[in-house]
Each structure stands twice: as structure tokens, then as C-alpha cells.
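Novice: Just one file: target_29.cif, with mmCIF, C-alpha atoms and all ligand atoms.
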data_query
#
loop_
_atom_site.label_atom_id
_atom_site.label_comp_id
_atom_site.auth_asym_id
_atom_site.auth_seq_id
_atom_site.Cartn_x
_atom_site.Cartn_y
_atom_site.Cartn_z
CA MET K 1 -6.71 -5.11 200.60
CA ARG K 2 -5.29 -8.51 201.26
CA LEU K 3 -3.45 -10.42 198.55
CA THR K 4 -2.84 -14.15 198.92
CA ILE K 5 -0.40 -15.78 196.53
CA LEU K 6 -1.63 -19.27 195.65
CA GLY K 7 1.09 -19.88 193.08
CA CYS K 8 3.82 -17.74 191.57
CA TYR K 9 6.16 -19.97 189.59
CA ALA K 10 6.46 -20.30 185.81
CA ALA K 11 5.66 -23.29 183.62
CA THR K 12 4.89 -26.53 185.48
CA PRO K 13 3.51 -27.43 188.91
CA ARG K 14 6.15 -29.11 191.08
CA THR K 15 6.23 -30.67 194.53
CA PHE K 16 6.64 -27.40 196.38
CA THR K 17 5.76 -24.78 193.76
CA ASN K 18 2.56 -23.89 191.94
CA PRO K 19 1.81 -22.01 188.72
CA THR K 20 0.23 -18.56 188.77
CA SER K 21 -2.88 -17.82 190.80
CA GLN K 22 -3.71 -15.29 193.50
CA VAL K 23 -6.74 -13.95 195.33
CA LEU K 24 -7.32 -10.31 196.14
CA ASP K 25 -9.68 -9.56 199.03
CA ILE K 26 -10.83 -6.00 198.33
CA GLN K 27 -13.97 -4.20 199.54
CA ASN K 28 -15.93 -7.42 200.17
CA HIS K 29 -14.91 -8.97 196.86
CA MET K 30 -12.69 -12.02 196.58
CA PHE K 31 -11.24 -11.65 193.09
CA LEU K 32 -9.39 -14.66 191.69
CA ILE K 33 -6.54 -13.64 189.39
CA ASP K 34 -5.30 -16.35 187.02
CA CYS K 35 -5.99 -19.98 187.73
CA GLY K 36 -3.03 -22.28 187.10
CA GLU K 37 -3.26 -26.02 187.61
CA GLY K 38 -3.90 -26.91 191.26
CA THR K 39 -5.55 -23.60 192.16
CA GLN K 40 -8.52 -25.26 193.87
CA VAL K 41 -6.18 -27.34 196.02
CA GLN K 42 -4.35 -24.17 197.02
CA LEU K 43 -7.66 -22.42 197.79
CA ARG K 44 -8.53 -25.24 200.18
CA LYS K 45 -5.05 -25.25 201.71
CA TYR K 46 -5.25 -21.54 202.54
CA LYS K 47 -8.91 -21.79 203.64
CA ILE K 48 -10.37 -19.42 201.09
CA LYS K 49 -14.12 -19.85 200.81
CA PHE K 50 -15.09 -20.98 197.30
CA SER K 51 -18.47 -19.29 197.69
CA ARG K 52 -16.81 -15.86 197.94
CA ILE K 53 -15.36 -16.12 194.42
CA ASN K 54 -17.70 -14.56 191.88
CA HIS K 55 -15.23 -12.96 189.46
CA ILE K 56 -12.21 -14.64 187.86
CA PHE K 57 -9.68 -12.67 185.80
CA ILE K 58 -7.47 -14.63 183.38
CA SER K 59 -4.47 -12.81 181.93
CA HIS K 60 -3.79 -15.13 178.98
CA LEU K 61 -4.37 -18.64 177.75
CA HIS K 62 -1.03 -20.27 178.50
CA GLY K 63 -1.61 -23.38 180.59
CA ASP K 64 0.25 -22.19 183.67
CA HIS K 65 -2.29 -19.37 183.98
CA PHE K 66 -5.61 -21.12 183.30
CA PHE K 67 -5.44 -24.94 183.33
CA GLY K 68 -6.97 -24.89 186.82
CA LEU K 69 -10.14 -23.23 185.56
CA PRO K 70 -12.09 -26.24 184.14
CA GLY K 71 -11.53 -28.11 187.40
CA LEU K 72 -12.61 -25.20 189.56
CA ILE K 73 -15.74 -24.61 187.47
CA SER K 74 -16.61 -28.30 187.81
CA THR K 75 -16.06 -28.25 191.59
CA PHE K 76 -18.36 -25.23 191.92
CA ARG K 77 -21.06 -27.34 190.25
CA LEU K 78 -20.47 -30.31 192.56
CA LEU K 79 -20.69 -27.98 195.55
CA GLY K 80 -24.18 -26.94 194.41
CA ARG K 81 -23.32 -23.40 193.42
CA GLU K 82 -26.27 -21.34 192.20
CA LYS K 83 -24.74 -17.85 191.97
CA GLU K 84 -23.43 -16.37 188.73
CA LEU K 85 -19.72 -16.78 187.99
CA HIS K 86 -18.08 -14.10 185.82
CA ILE K 87 -14.96 -14.99 183.86
CA TYR K 88 -12.88 -12.28 182.18
CA GLY K 89 -10.24 -13.46 179.73
CA PRO K 90 -8.97 -13.54 176.16
CA LYS K 91 -11.25 -14.50 173.28
CA GLY K 92 -11.27 -18.28 173.04
CA ILE K 93 -11.69 -18.91 176.75
CA LYS K 94 -15.41 -19.56 176.35
CA GLU K 95 -14.79 -22.08 173.58
CA ALA K 96 -12.12 -23.86 175.65
CA ILE K 97 -14.26 -24.17 178.77
CA THR K 98 -17.49 -25.08 177.00
CA LEU K 99 -15.65 -27.85 175.12
CA PHE K 100 -14.75 -29.45 178.46
CA LEU K 101 -18.30 -29.10 179.72
CA ARG K 102 -19.88 -30.41 176.51
CA LEU K 103 -17.61 -33.47 176.20
CA GLY K 104 -18.34 -34.46 179.78
CA ASP K 105 -22.03 -33.57 179.51
CA SER K 106 -21.50 -31.66 182.73
CA TRP K 107 -23.05 -28.25 182.19
CA THR K 108 -23.03 -26.00 185.21
CA ASN K 109 -26.30 -25.54 187.04
CA TYR K 110 -25.24 -21.95 187.79
CA PRO K 111 -24.90 -19.13 185.24
CA LEU K 112 -21.42 -18.98 183.75
CA ILE K 113 -20.87 -15.56 182.20
CA PHE K 114 -17.88 -14.96 179.95
CA HIS K 115 -16.46 -11.51 179.24
CA GLU K 116 -14.12 -12.15 176.32
CA LEU K 117 -11.37 -9.65 175.53
CA GLU K 118 -9.56 -9.11 172.26
CA GLU K 119 -8.84 -5.39 172.05
CA LYS K 120 -5.65 -3.57 172.85
CA GLY K 121 -5.67 -0.60 175.19
CA GLN K 122 -7.19 -0.19 178.61
CA HIS K 123 -10.76 -1.35 179.29
CA LEU K 124 -13.04 -1.20 182.29
CA LEU K 125 -14.07 -4.74 183.23
CA PHE K 126 -15.89 -4.32 186.52
CA GLU K 127 -17.20 -1.45 188.60
CA ASP K 128 -19.36 -0.93 191.68
CA ASP K 129 -19.57 1.92 194.19
CA LYS K 130 -16.31 0.96 195.93
CA VAL K 131 -13.95 -0.56 193.40
CA CYS K 132 -13.16 -0.82 189.70
CA VAL K 133 -11.06 -3.25 187.64
CA LYS K 134 -9.37 -2.33 184.36
CA THR K 135 -7.12 -4.17 181.91
CA ILE K 136 -3.43 -3.39 181.52
CA PRO K 137 -2.28 -4.23 177.96
CA LEU K 138 0.87 -6.39 178.06
CA ASP K 139 3.24 -7.78 175.43
CA HIS K 140 3.63 -11.57 175.57
CA ARG K 141 3.71 -14.43 173.04
CA VAL K 142 -0.11 -14.52 172.99
CA TYR K 143 -2.70 -11.83 173.66
CA THR K 144 -2.28 -10.91 177.33
CA ASN K 145 -3.74 -8.44 179.81
CA GLY K 146 -2.67 -7.47 183.29
CA PHE K 147 -5.32 -6.15 185.69
CA LEU K 148 -5.53 -2.95 187.68
CA PHE K 149 -7.69 -3.02 190.82
CA GLN K 150 -8.56 0.41 192.18
CA GLU K 151 -10.53 1.41 195.27
CA LYS K 152 -12.73 4.47 194.94
CA GLU K 153 -12.55 7.37 197.38
CA ALA K 154 -14.61 6.42 200.46
CA PRO K 155 -17.17 8.88 201.89
CA ARG K 156 -16.15 11.12 204.81
CA THR K 157 -17.19 9.78 208.23
CA LEU K 158 -18.86 11.75 211.02
CA ASN K 159 -16.62 13.07 213.81
CA VAL K 160 -19.09 12.91 216.69
CA GLU K 161 -16.73 14.64 219.13
CA ALA K 162 -16.20 17.56 216.77
CA ALA K 163 -19.94 17.83 216.08
CA LYS K 164 -20.69 17.91 219.82
CA SER K 165 -18.02 20.55 220.46
CA PHE K 166 -19.67 22.80 217.85
CA GLY K 167 -23.03 22.22 219.53
CA ILE K 168 -24.52 20.45 216.52
CA ASP K 169 -27.80 18.67 217.23
CA LYS K 170 -27.97 14.91 216.59
CA SER K 171 -30.84 15.42 214.14
CA GLN K 172 -28.29 16.83 211.65
CA PHE K 173 -25.92 13.86 211.81
CA ASN K 174 -27.43 12.00 208.85
CA ASN K 175 -27.22 15.08 206.62
CA ILE K 176 -23.61 15.71 207.67
CA LYS K 177 -22.75 12.10 206.75
CA LYS K 178 -24.22 12.82 203.31
CA GLY K 179 -21.84 15.77 202.91
CA MET K 180 -23.96 18.73 204.08
CA ASP K 181 -22.65 21.49 206.35
CA GLY K 182 -23.92 21.77 209.97
CA LEU K 183 -25.73 24.58 211.78
CA ASP K 184 -24.88 25.43 215.40
CA LYS K 185 -27.39 26.70 217.99
CA ASN K 186 -26.84 30.31 216.91
CA GLY K 187 -27.48 29.48 213.26
CA ASN K 188 -23.83 29.68 212.19
CA THR K 189 -22.77 27.37 209.36
CA ILE K 190 -20.06 24.86 210.27
CA PRO K 191 -18.32 23.45 207.16
CA ASN K 192 -18.69 19.71 206.64
CA LYS K 193 -14.90 19.27 206.62
CA LYS K 194 -14.73 20.38 210.28
CA LEU K 195 -17.36 17.82 211.30
CA THR K 196 -16.03 14.75 209.50
CA PHE K 197 -12.90 12.65 209.24
CA ASP K 198 -10.86 12.40 206.03
CA PRO K 199 -11.35 8.95 204.48
CA ASP K 200 -8.38 6.63 204.06
CA PRO K 201 -6.74 7.28 200.69
CA PRO K 202 -7.95 4.73 198.10
CA LYS K 203 -5.45 1.98 197.30
CA SER K 204 -4.59 0.29 194.04
CA TYR K 205 -3.01 -2.98 192.96
CA ALA K 206 -1.61 -3.84 189.53
CA PHE K 207 -1.02 -7.41 188.36
CA CYS K 208 1.41 -7.71 185.42
CA SER K 209 2.16 -11.23 184.32
CA ASP K 210 3.40 -12.32 181.76
CA THR K 211 5.16 -9.66 179.72
CA VAL K 212 8.37 -8.67 178.06
CA TYR K 213 9.89 -5.37 179.26
CA ARG K 214 7.85 -2.57 177.73
CA GLU K 215 7.90 1.00 179.00
CA THR K 216 4.51 1.49 177.34
CA VAL K 217 2.96 -0.21 180.39
CA VAL K 218 4.07 2.60 182.72
CA PRO K 219 1.23 5.10 182.05
CA PHE K 220 -1.34 2.41 182.88
CA ILE K 221 0.11 1.75 186.34
CA LYS K 222 1.32 5.23 187.30
CA ASP K 223 1.49 5.81 191.10
CA VAL K 224 0.06 2.38 191.88
CA ASP K 225 0.40 1.35 195.53
CA VAL K 226 1.47 -2.22 194.88
CA LEU K 227 2.78 -3.62 191.60
CA TYR K 228 3.10 -7.35 191.02
CA HIS K 229 5.42 -7.70 188.05
CA GLU K 230 6.69 -10.92 186.60
CA SER K 231 10.39 -11.66 186.84
CA THR K 232 10.87 -14.97 185.10
CA PHE K 233 14.61 -14.53 184.74
CA LEU K 234 17.65 -12.94 186.32
CA ASP K 235 19.75 -10.49 184.34
CA SER K 236 22.25 -13.29 183.54
CA GLU K 237 19.51 -14.90 181.39
CA SER K 238 18.24 -11.65 179.86
CA HIS K 239 19.02 -13.00 176.37
CA LEU K 240 16.00 -15.31 176.77
CA CYS K 241 13.55 -12.45 177.36
CA GLU K 242 12.81 -11.28 173.81
CA LYS K 243 12.24 -14.82 172.50
CA THR K 244 10.03 -15.98 175.39
CA LYS K 245 8.53 -12.50 176.00
CA HIS K 246 9.32 -12.44 179.68
CA SER K 247 11.14 -10.00 182.00
CA THR K 248 14.04 -10.05 184.42
CA ALA K 249 13.92 -8.94 188.06
CA LYS K 250 15.96 -5.87 187.10
CA GLN K 251 13.48 -4.93 184.37
CA ALA K 252 10.53 -5.37 186.75
CA ALA K 253 12.27 -2.97 189.13
CA GLN K 254 12.85 -0.45 186.33
CA ILE K 255 9.12 -0.51 185.52
CA ALA K 256 8.23 -0.06 189.22
CA LYS K 257 10.63 2.88 189.45
CA MET K 258 9.31 4.61 186.33
CA ALA K 259 5.70 4.10 187.45
CA HIS K 260 6.45 5.54 190.93
CA ALA K 261 4.94 2.40 192.46
CA LYS K 262 5.16 2.33 196.24
CA GLN K 263 5.93 -1.37 196.41
CA LEU K 264 7.01 -4.09 193.99
CA ILE K 265 6.18 -7.77 194.39
CA LEU K 266 8.16 -10.14 192.18
CA GLY K 267 6.90 -13.51 190.93
CA HIS K 268 6.60 -15.95 188.01
CA TYR K 269 10.10 -17.24 188.68
CA SER K 270 11.58 -19.76 186.28
CA THR K 271 12.07 -23.04 188.10
CA ARG K 272 15.64 -23.21 186.75
CA TYR K 273 16.75 -21.17 189.77
CA LYS K 274 17.42 -22.97 193.07
CA SER K 275 16.56 -19.95 195.23
CA ILE K 276 14.43 -16.86 194.68
CA GLU K 277 16.52 -14.62 196.95
CA LEU K 278 18.68 -13.48 194.03
CA PHE K 279 15.60 -11.95 192.36
CA GLY K 280 15.10 -9.63 195.32
CA LYS K 281 18.76 -8.73 195.44
CA GLU K 282 18.87 -7.86 191.74
CA ALA K 283 15.67 -5.78 191.84
CA MET K 284 16.75 -3.87 194.95
CA GLU K 285 19.72 -2.44 193.08
CA VAL K 286 17.18 -0.44 191.07
CA PHE K 287 14.12 -0.09 193.34
CA GLN K 288 14.10 -0.15 197.13
CA ASN K 289 10.76 -1.54 198.25
CA VAL K 290 10.80 -5.08 196.85
CA GLU K 291 8.97 -8.12 198.18
CA LEU K 292 9.19 -11.67 196.90
CA ALA K 293 5.95 -13.50 196.21
CA ASP K 294 5.90 -17.10 197.33
CA ASP K 295 3.16 -19.70 197.43
CA GLY K 296 0.96 -19.16 200.48
CA LYS K 297 2.38 -15.72 201.28
CA THR K 298 -0.05 -12.88 202.02
CA PHE K 299 0.37 -9.13 201.62
CA GLN K 300 -1.79 -6.59 203.42
CA PHE K 301 -1.96 -3.05 202.08
ZN ZN N 401 2.69 -17.03 179.45
#
Mind turning the file's structure into C-alpha cells?
Specialist:
Amino acid sequence: MRLTILGCYAATPRTFTNPTSQVLDIQNHMFLIDCGEGTQVQLRKYKIKFSRINHIFISHLHGDHFFGLPGLISTFRLLGREKELHIYGPKGIKEAITLFLRLGDSWTNYPLIFHELEEKGQHLLFEDDKVCVKTIPLDHRVYTNGFLFQEKEAPRTLNVEAAKSFGIDKSQFNNIKKGMDGLDKNGNTIPNKKLTFDPDPPKSYAFCSDTVYRETVVPFIKDVDVLYHESTFLDSESHLCEKTKHSTAKQAAQIAKMAHAKQLILGHYSTRYKSIELFGKEAMEVFQNVELADDGKTFQF
């Protein structure tokens, strides 16, 4: 998995900071997560192929998370896109986007497929043989979901050296790859496990932005490999959290700790702060493995 942060600051785009958007390269999918203003410019800047984006996940309908979407949809049309584009987001997103398209008489010449969400709880949004994507219910000023991206267990791979050492004939290799046991020259059964390599453990990534501190999120992200959790404020501004329904760096770290996440990435910083270093410092008092998102930064896991 490779995560590229296109923008990770709250509220407004500024000269050197962008609102929320990120791309997750996972098992041949390039999933776009949120689409703040300027996302298509950032995609170009970091050389991400537009044609690889087929699924866009929008957490909620605040502008700093989806105002880049009408522009991106329009650019796809101008680039001559023909493939389907799937958009997952809160109910109302279809109405908002189609209003733009209707007023400009600029309907897409490619199928635009909306998957509107309005229910609480966890829902499966996408699944193929290698990966699945589920919602993470969050608590914000408007209906909001985070997203959980999970790889599935990969098949075991053939250990040719081991097979040869047991005297297994090549004609059995395809069956062994499918999970069957082998037979040596004397007709003895050799268990599949001895003839194959263990697959890499499947990885998972949870995106949680925006949300007030709620321990109810923990069961949905239990044991996740990497957790992106918003940290709009520092603890010194924690009094603003309940009203704005945002979290502090310390609270993000508490969630990561309770969920037994392996790594925490902080983001969605309020632009009131001159430097983001303090966010890392504050979170590390609670949880050790903390990284700071920043525009253009990539994470490989
Ligand atoms: Zn918001």
C-alpha cells in the first residue's frame, strides 16, 4: 500500500497548504479519498495518473472535503474519459454534482455512478478478490463516514526449491498452487504447507476525518495497521472540540492506543498553528508510533 497525501489541512486552501485529499494505491486500485479544492492540481503535481482513479470516497459534504469534486469530474470529461466513475458519499452528493452539470449543460460522456450513504453503522462499499472497503461511522457536525481499506489474505505461493527437494514432479505444481497437497515418487503425501510460502499478512488502513473524540469508533478500527486520524487542534484548544466536532492530537493518539493501531498519521491541522511539529509531540506522549501527514508526503506500508 502506498498513501500519498494531497492535502491535509482544515478549512481553506492557502499558498502552501491544501484541504483534505489523499490517494491510496492498493492492490492495483488507486482510491481517491476526499477531494478538497485543488485536488486535481495536486494530482498533477504528484504525477498521479487520472485514468487510474475509478473510485472516489467522500467522507462528508463540508467544502474542504469535496469542493474539488465538480472540477475533477469535469476534467475527466475533457480528457475523454469513457470508463465508469464510482462516487461514494453522503446522501445529497448526487444532487450537488448533477446541479453543476445541469447548469453548465456539461453532462459527462462517461457513466457517473453514485453510491449514496445515509445509514449509521458499518457498511461494505466495495469488494473484489483482493481488497474490501467499509465505512467507519464518525461523529461530526454533519453526517460523516471514515473509510476502512482492508487487503484480503493472499494465496500461498509455490516454493519450487522445497518441491524439488521432496522430489515432486512439475506436473503437480499447478495443483499445489491451488492448495492441494503433493505426492512424492514413492506415493507419500507432502502437505501443501511444506511446499508453499506463507503469504504476506494482509494490511489495513483506516481514514478518520473529521470527528469529535468518540471511543465508539475503536471497535471499527481494531488492530488496524495504519490509522489516519484528524487532529484539528492541540490540547490547549480542546474547548473548541465539542462545538466544532473535531479532535486534538492527544485524543487521536488515545484512539490509536485503544484500537491497538500499529501506526498513527495525524492530519487536518487547523491553520491557526504556525508549525505542525507540536501535534506530533503531543500525540507521542500517549502513543509512540506517530507520523505527521503533510501535503505531498507519501507513506509505504
Ligand atoms: Zn468537516
Novice: Identify the residues around (-6.7, -7.7, 184.6) within a radius of 10 Å, measuring from all atoms listed in the file in the coordinates stated by the file, and give them as a list in words.
Specialist: Ile33, Asp34, Ile56, Phe57, Ile58, Ser59, His60, Tyr88, Gly89, Gln122, His123, Leu124, Leu125, Phe126, Val133, Lys134, Thr135, Ile136, Pro137, Thr144, Asn145, Gly146, Phe147, Leu148, Phe149, Ala206, Phe207, Cys208 and Ser209 of chain K
Novice: Residues within 10 Å of ligand ZN 401 (chain N), counting all atoms listed in the file: report them as a list in words.
Specialist: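 Final answer, ordered by chain and number: Ala10, Ala11, Thr20, Ser59, His60, Leu61, His62, Gly63, Asp64, His65, His140, Arg141, Val142, Tyr143, Thr144, Ser209, Asp210, Thr211, Thr244, Lys245, His246 and His268 of chain K.
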Novice: Which polymer residues have any atom within 10 Å of an atom of Asn28 (chain K), counting all atoms listed in the file, with same-chain residues fewer than 2 positions away left out, as a compact mmCIF listing (two decimals) with C-alpha atoms, keeping the file's coordinate frame?
Specialist:
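Listing of selection.txt after writing:
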# COMPACT_ATOMS: atom_id res chain seq x y z
CA MET K 1 -6.71 -5.11 200.60
CA LEU K 24 -7.32 -10.31 196.14
CA ASP K 25 -9.68 -9.56 199.03
CA ILE K 26 -10.83 -6.00 198.33
CA MET K 30 -12.69 -12.02 196.58
CA PHE K 31 -11.24 -11.65 193.09
CA ARG K 52 -16.81 -15.86 197.94
CA LYS K 130 -16.31 0.96 195.93
CA VAL K 131 -13.95 -0.56 193.40
Novice: What does the structure give for the distance between CA of Ser21 (chain K) and CA of Asp225 (chain K), in Å to one decimal?
Specialist: 20.0 Å
Novice: Which is closer to Tyr228 (chain K) than all the others in K:Val41, K:Leu101, K:Leu264, K:Ile87, using all atoms listed in the file?
Specialist: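 The answer is K:Leu264, which sits nearest to Tyr228 (chain K).
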Novice: Can you measure CA of Ser51 (chain K) to CA of Arg2 (chain K) for me? One decimal in Å is fine.
Specialist: 17.4 Å
